[in-house]
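A short worksheet on the structure shown next.
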Amino acid sequence: MTSVEEALRVIQSKPEGVLQSELWKILNVDSRKCSRIVKKLIDTGLIERAEFRKEGIKTFVLRAKKRPVDPCQIMAGEELIPCVGCDLECNVIECHRLLDWMYQLAICEVEE
Ligand code: SF4
């Protein structure tokens with residue numbers, strides 16, 4: 001299981017939400033990597049994040065979205081957006097995986 005999938009399962013298992021400041025400890029990753037994981041989950045519409053203060057320190061509470069994700073937002077034909085489960089150091093502008101997926105998406109839209 002990738003860190004992104006694991007994070008999603010942890011968040012989905014707690015309807016009251018998970019503090020981002022605790023999630024990285026649960027996942028056993030550093031806070032920077034946790035921020036990237038959280039960003040991917042937010043960008044793909046799987047979770048939502050709200051500001052939260054714990055003992056005067058600002059953090060975020062993360063909750064799984066209850067509505068199902070529109071598959072059109074994360075699927076190109078049969079292919080899931082590569083960002084889900086990606087552990088690469090992210091550079092969106094130069095990412096060939098994402099570019100290939102976007103070409104696939106464009107082809108699918110032309111064919112419809
Ligand atoms: S490296 Fe590419 S595939 Fe991975 S998260 Fe970034 S944009 Fe997505």
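Lettering and numbering for the structure tokens are positional, with chains as A, B, ... in the shown order, residues counted from 1 in each chain, and ligands counted from 1 in the shown order.
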
Problem - Close residues, Trp101 of chain A itself excluded, 8 Å, only C-alpha atoms, min 6 positions apart in chain, as a PyMOL selection string - result: chain A and resi 76+79+81-82

Taking C-alpha atoms for each residue, export the selection above as a PDB file, in the first residue's frame.
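Below is the file part.pdb, written as the result:
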```
ATOM      1  CA  ALA A  76      -8.828   9.205 -18.327  1.00  0.00           C
ATOM      2  CA  GLU A  79      -6.501   5.134 -16.288  1.00  0.00           C
ATOM      3  CA  ILE A  81      -4.678   9.944 -12.457  1.00  0.00           C
ATOM      4  CA  PRO A  82      -1.046   9.010 -11.697  1.00  0.00           C
TER       5      PRO A  82
END
```

Handout entry: DSSP strand (DSSP E) residues within segment 23-85 of chain A, as a list in words
Key =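 Across segment 23-85 of chain A, those assigned strand (DSSP E) are Ile47, Glu48, Arg49, Ala50, Glu51, Phe52, Arg53, Lys54, Ile57, Lys58, Thr59, Phe60, Val61, Leu62, Arg63, Ala64, Met75, Ala76, Glu79 and Leu80 of chain A.
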
Handout entry: Neighbour list for Met75 of chain A as a ChimeraX atom specification, cut-off 12 Å, only C-alpha atoms, skip fewer than 3 positions in-chain
Key = /A:44,69-72,78-84,98,101-106,108-109

Problem - Neighbourhood of ligand 1 at 8 Å, counting only C-alpha atoms and all ligand atoms, reported as number ranges by chain - result: A: 40, 81-98

Completion exercise
Using only C-alpha atoms, the residue out of A:Gln20, A:Gln73, A:Ser3, A:Ser31 with shortest distance to Arg53 of chain A is A:Gln20

Fill in the blank from the handout: Leu8 of chain A proximity check over A:Glu22, A:Arg36, A:Arg49, A:Leu41, using only C-alpha atoms: winner is A:Leu41
